[in-house]
Each structure stands twice: as structure tokens, then as C-alpha cells.
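Undergrad: Quick one: this structure, given as C-alpha cells, is what I'll be asking you about.
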Amino acid sequence: MPVQPVFYLVLLLLFSPAVWPAAQHNPEPQHKAADRQRYALPAQPLAAALLQFARQINKPLLYNPAQLAGLQAPAVAGEFTADEVLQQLLAQQPLEAIPQASGWLIKAKVVTATPVAAQAKPEAVAKASAPAMEVIAVRANGGVHRHNSAAAALSPAKVLKRQAMIAQDSLVAEDITDFPALNVANAISRVPGISITREWGEGRQISLRGLGPDFTRVQVNGMETLGTSSSPMDARGALSRSRAFDFNIFAAELFNQIDVKKSYSAEQEEGGIAGTVNLRTAKPFDYAADKASISAQLGSNSNASSNLSSADPRLSALLSKRWSDIGALISLTYSSRATNEYGSNTTRWRRESGKQAADPNNSALQSLLDSGELWFPRGQRLSVWQNQQKRLGITAALQYQPVAQLNLLLDVMHGRLENQLSEHHHAVKDNNLVQNLIWRDSKGDGSGDKEVVYASYKNASWRNENRQDYNESVFSQISFTANWALSNNLQLRAMLGHSSSDYRQPLLSKLNIEAKQQADIVTDFTRDAFYGRSYSGNFDVTALPGYTVRDLFFQSNFTYSDFDNAKLDFTWQLNDSSVLTFGVHHKTFNNSGFQQEASGFPYSSTTPLNQGVVNLNTDQVQLFNGHPDQSWLQGDITALQAFYGLAGFALTDADTIASSVYRLTEQTNAGYLQYQQEFAVAGAPLRASLGLRYFHTQLASQAPPQGLANSGPASSEPVNVARHYTGYLPGLDISYEFADDMLWRFGLSKNITRPSLSDLALFTNVTQTSLGETDIGQISTGNPQLKPFSANNLDTALEWYFADTGLFSVALFYKDIEHFIAIETRPVIYRELGLPASLLPEGKTVDDVFNLFSPQNGGPSSIKGVELALQRQLDFLPAPFNQFGIAVNYTWADGNTLYRNVQNSGEDHIKAFAGLSRHSYNLALYYDTPRWGARLSSAYRSRYITVVESGSIDDDERGYHASTNVDFSAFYRLNDYIKLNIEALNLTNLREELYSDSSDRAYNSTYSGRTYMLGVTAEF
């Protein structure tokens, strides 16, 4: 079992005799008098001064915010130790700094009490009134002048985890930048419970605790938002029309803190049953003084072909400036990356009975072909997806604190992801005459499917596709936040913001040429069941004779999303041990989209020139050699578009598919009340929080006239569906530090996830896949009457913070989910739907039967799981091995739901949730010295389902095999300001395997190549 090595390693490191002394020893704080550095802290509010101090010294401070309110700190300038700075800051304050193993505790100075008072206040009561502590954690910009060890770099993230009332994991700047990460998804993938999908070898979407991307809510700077991109592969979902956030829009360096909130409490906005991810950008008051940093890298991908740039630049920069009570910051990231993902695919398999034996006298073969028991690959092909990707990110922040009680912040963010795609396919078609074949039993025991793993076809066709595509994802956000201490006990936080995420694919151009029934072709899966090969002995696929033009096709896609957010939150410190928080939130979400198409060229009468002329000449074709296994001839898109008068072709409103146009609006108003109290139980502090949230959502779904199936009589008015729903969401959280460095968490809550956008939208999609005479077409439609998913959640965890920097945790979670959405299918005759005949796929008429798919709420489901995590520096080993450290986590998750009419069989099946990997783990081994360091990391996720088919006869499910990604990074410091680094991603050049059907047949296998980067970072 793949997880066993990790499990044994955890046990070895945790229970090794050498570990226990380190765990039991409580070392003196390491604040040496010799560790002096220069400080320049202006006179300012004490809270701001302590924050700047913590950022500079890179150690956490624990404090009670109510005790700091209204206090001013003096200026501190000169060369001091950390303890000397704290003494100056607190000299005139009613506070003192108590050294801890890592950092300091800021608390009220001890006041001598009379003996009577002392007798009247037992120890348990005294502890019960101890203030609830919060944390000032180190946030840096990922520069080089920070820590001397990875263990120290991890400490702030662990402090954030420990102080949180809910189940939470955090990444601070050092965690984000110390390991290789092409984008935010790669960085988040190291958090326990998170698995990612990949595009071009880098992360795109996340699954959290076994639930798919739709179930995780994403915030940027505390404001909910959506990021939308696409995949060139239909097998990977193509354009995302869901609530899933596409993290590949952003570079990881844009953010200096990422919080993954895995459980729910009332002050959080509803919407993420799996959890909430908050991405935080840098602020000017994060730094004690002016800050400037720049990082530059050059890289390459091992698959990138010669016609793409071989040097991939990557740049990030940050500039922060402070003028007393005003600060300004701007950061920028830019990268250009060439990729080439290649492989073999089948476009799924199908049980066929219409094929003929090439030799009419071969009755045995014909009998086998007529049996209807043989599964054939629908169209084995070799494929290449080339991309020139550009990613730009800009953040800006303006911060103003005119008085100690008021802090104003303006955040602006812009992100752009551009993809210039070139796609190439070499496919087998018209393979109906069979000369001979070999089949195998899918189960190996005589009870499985008969899969044809080798076949020789006569008079088959080669079809070569060439596709050009440009698309862009543009994200913009602006938000204004005010934090105002209205009194010593009452604080106000207000936020107002707007964000937009637009996806634009202005023109996709596709060209197919074919050698129609010209070749004898062999398709062979015997050498590699998941990487088939096809070849001809009597046809040269690289030569012109035999090829003609098949078709030209144009398409565009547009999706627009925007959020308007307004929040008003209050924190009322009732006394030293209790806090009441309450607030009101408003959110408006708009999502719209449409698709345009033009096809039928060159046979259509709309072809401007040379209608119906399909013969090719040498100026209209080109040799494609971008696939390592085979070269082939393809059409020249530019030359043939010019030949048919289609040069500069642009889609117009007349090409808009009416049934694809939709607009969805959600308006949500919510309010919450939450009470938090700290007690002493058995002499140990226990924090408890109880809250309730109420929400009201108004939903409106709109489509144009005659854009829907069964939309009724002809009308010029848009079709509108409006409805609303409400709910109460309670939450209880307990955090109990029952022993030194030991903490127990417990949480009960209820939360919702709103249905996918494509499920709610009023639209109808007629699948345009090529169909045979006996194939049943597919039509999908939305359902705005869907109820949201609803989940009752239980979370509990034990956390042990040992050996100063070590952490071992065990977490259990359970979610009872109602209103799970499943796809229902029913057969209909096309003309009964009222849709135009122009939407019919090739070969179908209005009298043909189609399967109509619509989402419907189903019954209950549940998911449960366990998370294990271990972090520690191996300082118990002899030098030089004591510089090694390890960070490992493992997640087991199990959840099933009911899927209806699976594989159009009329039967319902219980299968795992889409996106759920039963096992996943991350393992990182690092070695750090003050001068140099290195890290080797591995991320594993087991097999998982991507979709369960309710109407397709080709497969009952599709999904991915288990995968392990291995990355490496190393650095060398030239001095305190300049660092050299090297990174290598996907060291094993992992083959990503998409399977078809639970019988585990090959669908799509690809290699994305290794990525190497060499860079330098400077900070001033």
C-alpha cells in the first residue's frame, strides 16, 4: 500500500527514544544578548510597534488586543537586543513581556494583592478570568533576510494554527516561497487534506478533505471571489462553469499568508462545506521600515519543442514605503512559460456490434464481431497540447492610521492569465473492417468485459486535427477596510469591495484533414494498456497523397463573474474572559456567459470562396513533428482559411447559440451572533465559542427567448425564474489546552454549498460530438429550483506542540450531507423540445431520440476522514545531520453518494464523491544551514473519480489513477541580501492517466515534462 512507508516513518520519528527527551525538555528561550540588530521604530500605537517588532525579529508575540487599545509606544532607534527593545516599548506601560520557548507573552504586570483578596480568589477562578490571547505572527515577503532554518520559518504558521478557534492550517510567506510552486495551487497542496488537479504540469483546482473544488469557498483579502480559467482537454472539463476556483490564475508570490479553514463558525460567510481558503496579500504596515525586494528566474520545460521559447522568464518584485502613519505598497509578478503536454488517448471505449470481418469467409471473426460483447477504443489517437502561457499579477495597498484607534486600508489586485494554444491530433477513424483482433478479459477471471487490445483494420481513415486558440482570464478586485476601536471594549470592522473574474476565448479555430478509408491500420494496446499506438503499413501519414480537407470550425466562449461585498462586524469585549461578536453581511453575485459557433465549412453555402473544393496542395499542409512517438501531416490553418475566404474570420452575434446564453444573480443578506468564553477546567484553559448565522438568498436565473428546451410558445421576452431560500447555521467550537503544549479541539456546525453555476443556469446544451447512426445524442439543461447542499459537521483534533518547533496532530472529521445533487436522464424526441434544428449534431434529425440530462436534488450522503501531520527538526541527530527536518501529513477520506441511471442502464449506483482520493500524503525533507539549504518534497493522491455518467453508454465513470509528484529546491546565500536558488518540478516526469469506466480502460495518458528554474533573490 503506498501510504505504509509514510506511516512507518511517522511512527519512527515520533516514538524514537531520541525524541522523547526533546519533547519533555522545556529549553530556555534563545534570546541571546549578542543577537543585536538595528531598529528604527517610530513613536506610534503600541499595537503597531509590537507588530513591526515581531516582523523584524521574526518571532511571534501572544497578546490580548483589549489590553493594547489606546496605548502609545515611544520611538526606539539604535542597536539593541530583542529583549532590550521590548523593555523600552513597555517601560511606561501596564504590561510586561514574558519570554516563551519561541517568542514572548505580553500580559498585564503583576499587582500585589492583599491576603484577603488572595484567599478569596482560588487558582481555578484566576485562570478562568485569564484573557483570550491572540497572536502577532511574522509575515514576510519571501525575501532572503529572514530565517536561518526552515524550522523557525514554520513556527508562525503553527502559532496561527494553535490560536485559531476552528480547525485551520496556515501558510506564511516562508512556507509559500521555500518550496517550488508555479502557482497558488502548488503552494496550497502541501496543506493536510488538500489534493490538486493539474494543467500543464501545474496546479489548477483543489479538493479539500475529499470534497471536490465546488465545495471550497475562496476569499482574497477576506472577500469572497471566483477565478475562472479553462483546460484545452474536454476530458479535463474544458471551460469551468462552476463555483470551483482556478488557482492557476495567480502566482504564489503574490500572497504572504494563506489560511485554510476546515471547519465552520458563525462569523464566516456560508458556502463552503469543505472549507474556506483565504488568500492574503502584503500590506505596508507588515514591515517595520521601507522594504524592497526583487526575484528573477529563468526556466525551461523538458517537453517544450523548438518552436517555443526555450527560456522562461519569471519575475517578482515588492516595494513598500512608510511615512509615519501612512504606508503604501506595490508588488508585481510576471512569468512566461512554454509547455508541451503530449500523450495517447482513446476518446473512451464503446461496445460495438456493427463492424464487419474484412474477409467475408472468416465466420468465426464475424460471429465474434456480431456478439455485441467486444469493447473497442472509439478513436485511438496521439495528441500534443502546446501552450505559451503568460501570467501577470499586481497588488497595491494604501494604509492609513491617523490615530491609534483607527486603521484604514485600501487593497487593489489585478491578475491576468493568457494562453496561446496550439493543439494537434492524429486519430484513427472509420475502423469498421476488421482483419484480426486480440481481446482480453478486463477482470482476468472470465467475468469481465472483452476489451480489444489489438486490432488490424482494412480501409480505415486517418484524421489529423490542428487547432489554434487564444484565451485569457482576467481578475480584478478592490476593497476598502476600516478597523475602528470605538471604545476600550468595542471594535468595529467594516469592508466594502468589488471583484470580477472574466474568461474570454474570442476565437478557437479548428481544421481537420483526413485520408478517408485509405489505410490499413493497426491499433495496439498489448505493449502498454494505457498508452496505445496505431500505425499503417500501406500509407505514409507524413506524405500528401490521399489527404483531403474534412472541415473547418470556429468557436468562442465568454464567461463573466463579479461579486459585490459589504460587511459590518463588531467585537465587544464583555470582560477579560468573554467576547461577543456580531455583524451583518451583504453579497451580490452575478454570473453570465454565452458561446458562439460557425461550422460546415467548406461544404456550407456560407463558404466565401472555393466551396466544396477539398483537394490539398503542398502549400496548404505542414509536417508536424512535435510528438516524440510519431510525425504526421496536418493542414495549415492560415493557408486554408485564406483559400476558403475565411482569413480574419470573426464570429458575430448571429453566431451566438441561443441556448448557451444565461445570466445568474444571487443576492444574500446575512447576520450572525457569536459568543466566546474562556474557562479554567481542571486548572487548564478552555476556550468555547457558540454562534448562530442567518442568511437569506434571492436567486434569479435568466435566459433569452427560445433558448431553452420546452420553453413554451414563441416569445420575444426573456425567460426568468426567481426564487429565494433561507437558513440558520449554528456553530460550536471548543479548544482545550489540557496539558502543556497539548490541545484538544472539538467542533459542531452546519453549513451549505450552493449548487454549481451550470446546474442553476437556464441554458440548454446539445452535445456536438460526432455520432454514429445508432448512437443516442445528449442534451443537458439547468435547474434553478435546486436546493443548496446542506451539511452537519463534526470536527475534533489532538495537537501536540513539542520540542519548541515540533507539531504532531491527529484530526477526525465527519460530514452528513443532504440535498446531494445527481443527474437524472430521460429519453426524448428532439422535435418535442422546441429547439432549432441548427443545433443538431452531424448525422441527426429532429425525429431522433436524445437523452435529456437535468440535475436534481437527491438523498443524503456522508463523508468522513482522518488527518495526521508531523513537523519537526531532527535536532536529536548528531551533527551535521541535526540540520535535517521533516514535514509529513497523511489524509484518509471516505464518502459515497447515489448516482442515478448510471451508464444509461436504468440502475442507480453508489460510488465515491467526485474528486475524492481515499489516500493522500505530502512528505518534505529539508536540510538548512545559515548559508545553504535544500528541500525534497513529494505529493501523493490515490485514484479518484472525476465524473459518473448517467446517460453515456461508453462508461459508468471516469477518473484518474494514483499519482506522485516529486519536486526539489535548493538555495545558497551570497550574503545577507542576495540568495541564489534552483528549483526542479515533476522530477519523475509523471505520466498522468485518466481512465474510462470502472473496468479501468485507457482514456487519456499524458506527460507534461520536467520544469527547471534558476534564479536570484535580492532584498534591501
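Just so we're on the same page: first chain in the C-alpha cells is A, next is B, and so on; residues restart at 1 for each chain, and ligands are numbered from 1 in the order they show up.
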Excluding Glu818 (chain A) and its own-chain neighbours fewer than 5 positions away, which residues fall within 6 Å of it when counting only C-alpha atoms? Please give them as a list in words.
TA: Phe789, Ser790 and Pro860 of chain A
Undergrad: Restrict the selected residues to N, CA and C atoms and save them as a CSV table (one decimal), in the first residue's frame.
TA:
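out_20.csv, written as the output of this step:
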```csv
chain,number,residue,atom,x,y,z
A,789,PHE,N,-26.7,22.3,-1.2
A,789,PHE,CA,-26.2,21.2,-0.4
A,789,PHE,C,-26.2,21.7,1.1
A,790,SER,N,-26.5,20.8,2.0
A,790,SER,CA,-26.5,21.2,3.4
A,790,SER,C,-25.8,20.1,4.2
A,860,PRO,N,-29.6,11.8,1.1
A,860,PRO,CA,-28.4,12.1,2.0
A,860,PRO,C,-27.2,11.4,1.6
```
Undergrad: Would you list the contacts of Asp629 (chain A) as a list in words, taking every protein, DNA or RNA residue within 12 Å and counting only C-alpha atoms, but skipping same-chain residues closer than 4 positions in sequence?
TA: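 Counting only the stated atoms, we get Tyr342, Gly343, Ser344, Arg381, Leu382, Ser383, Val384, His426, Tyr531, Gly532, Arg533, Ser534, Tyr535, Phe624 and Asn625 of chain A.
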Undergrad: Between CA of Asn783 (chain A) and CA of Ser195 (chain A), what is the distance, to one decimal in Å?
TA: 29.5 Å
Undergrad: Within 6 Å of region 241-245 of chain A, counting only C-alpha atoms, which residues qualify if same-chain residues fewer than 4 places away don't, as a list in words?
TA: Pro213, Asp214, Leu226, Gly227, Ser756, Leu757 and Ser758 of chain A
Undergrad: Can you write just those residues out, N, CA and C atoms, as a compact mmCIF listing (two decimals), in the first residue's frame?
TA:
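Once everything was written out, this is again.txt:
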```txt
# COMPACT_ATOMS: atom_id res chain seq x y z
N PRO A 213 -13.76 20.58 -5.92
CA PRO A 213 -13.49 22.03 -5.94
C PRO A 213 -14.71 22.90 -5.70
N ASP A 214 -15.90 22.47 -6.11
CA ASP A 214 -17.12 23.28 -5.91
C ASP A 214 -17.44 23.51 -4.44
N LEU A 226 -14.27 34.59 -7.23
CA LEU A 226 -14.22 33.43 -8.12
C LEU A 226 -13.17 33.69 -9.18
N GLY A 227 -12.39 32.67 -9.51
CA GLY A 227 -11.41 32.76 -10.59
C GLY A 227 -11.70 31.68 -11.61
N SER A 756 -23.74 24.14 -8.32
CA SER A 756 -22.84 24.60 -9.37
C SER A 756 -23.57 25.56 -10.30
N LEU A 757 -22.83 26.52 -10.85
CA LEU A 757 -23.43 27.52 -11.71
C LEU A 757 -24.10 26.89 -12.93
N SER A 758 -23.46 25.89 -13.53
CA SER A 758 -24.04 25.25 -14.71
C SER A 758 -25.32 24.49 -14.36
```
Undergrad: Which residue gives the smallest distance to Ala108 (chain A) among A:Val76, A:Ala654, A:Leu68, A:Val966, with only C-alpha atoms counted?
TA: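 Among the listed residues, the smallest separation from Ala108 (chain A) belongs to A:Leu68.
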Undergrad: Using DSSP on the backbone coordinates, identify the residues of region 765-849 of chain A assigned to strand (DSSP E or B); present them as a PyMOL selection string.
TA: chain A and resi 765-766+777-781+789-802+806-818+821-829+849
Undergrad: Go through region 658-880 of chain A and collect every residue that DSSP, computed from the backbone, puts in helix (DSSP H, G or I); the answer should be as a ChimeraX atom specification.
TA: /A:658-660,757-760,830-833,837-839
Undergrad: Can you tell me, as a ChimeraX atom specification, what residues are no more than 12 Å from Met495 (chain A) when counting only C-alpha atoms, ignoring any on the same chain fewer than 5 positions away?
TA: /A:221-224,408-411,478-484,564-570,583-587
Undergrad: Where does region 559-675 of chain A meet region 731-735 of chain A within 12 Å, residue by residue, with the nearest atom pair and distance in Å to one decimal for each, counting only C-alpha atoms, listed by chain and rising number, as JSON lines?
TA:
```
{"residue": "A:Tyr672", "atom": "CA", "partner": "A:Gly731", "partner_atom": "CA", "distance": 10.6}
{"residue": "A:Leu673", "atom": "CA", "partner": "A:Gly731", "partner_atom": "CA", "distance": 10.3}
{"residue": "A:Gln674", "atom": "CA", "partner": "A:Gly731", "partner_atom": "CA", "distance": 8.7}
{"residue": "A:Tyr675", "atom": "CA", "partner": "A:Leu732", "partner_atom": "CA", "distance": 9.7}
```
Undergrad: Name all residues at most 12 Å from Ala688 (chain A) (count only C-alpha atoms; drop same-chain ones fewer than 4 positions away) and give them as a PyMOL selection string.
TA: chain A and resi 128+132+164-166+265+577-580+674-681+731-737+744-748
Undergrad: Could you pull the residues within 7 Å of Asn186 (chain A), counting only C-alpha atoms, minus those fewer than 3 positions along the same chain, as a PyMOL selection string?
TA: chain A and resi 181-183+189+202-203
Undergrad: Those residues you just picked out, can you put them in a file as a PDB file, in the first residue's frame with C-alpha atoms?
TA:
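File produced: part14.pdb:
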```pdb
ATOM      1  CA  ALA A 181       5.349  26.484  -6.590  1.00  0.00           C
ATOM      2  CA  LEU A 182       4.423  27.611 -10.088  1.00  0.00           C
ATOM      3  CA  ASN A 183       1.137  28.991  -8.770  1.00  0.00           C
ATOM      4  CA  SER A 189      -1.149  21.386  -1.990  1.00  0.00           C
ATOM      5  CA  GLU A 202       0.958  22.906 -12.532  1.00  0.00           C
ATOM      6  CA  GLY A 203      -1.968  23.004 -10.125  1.00  0.00           C
TER       7      GLY A 203
END
```
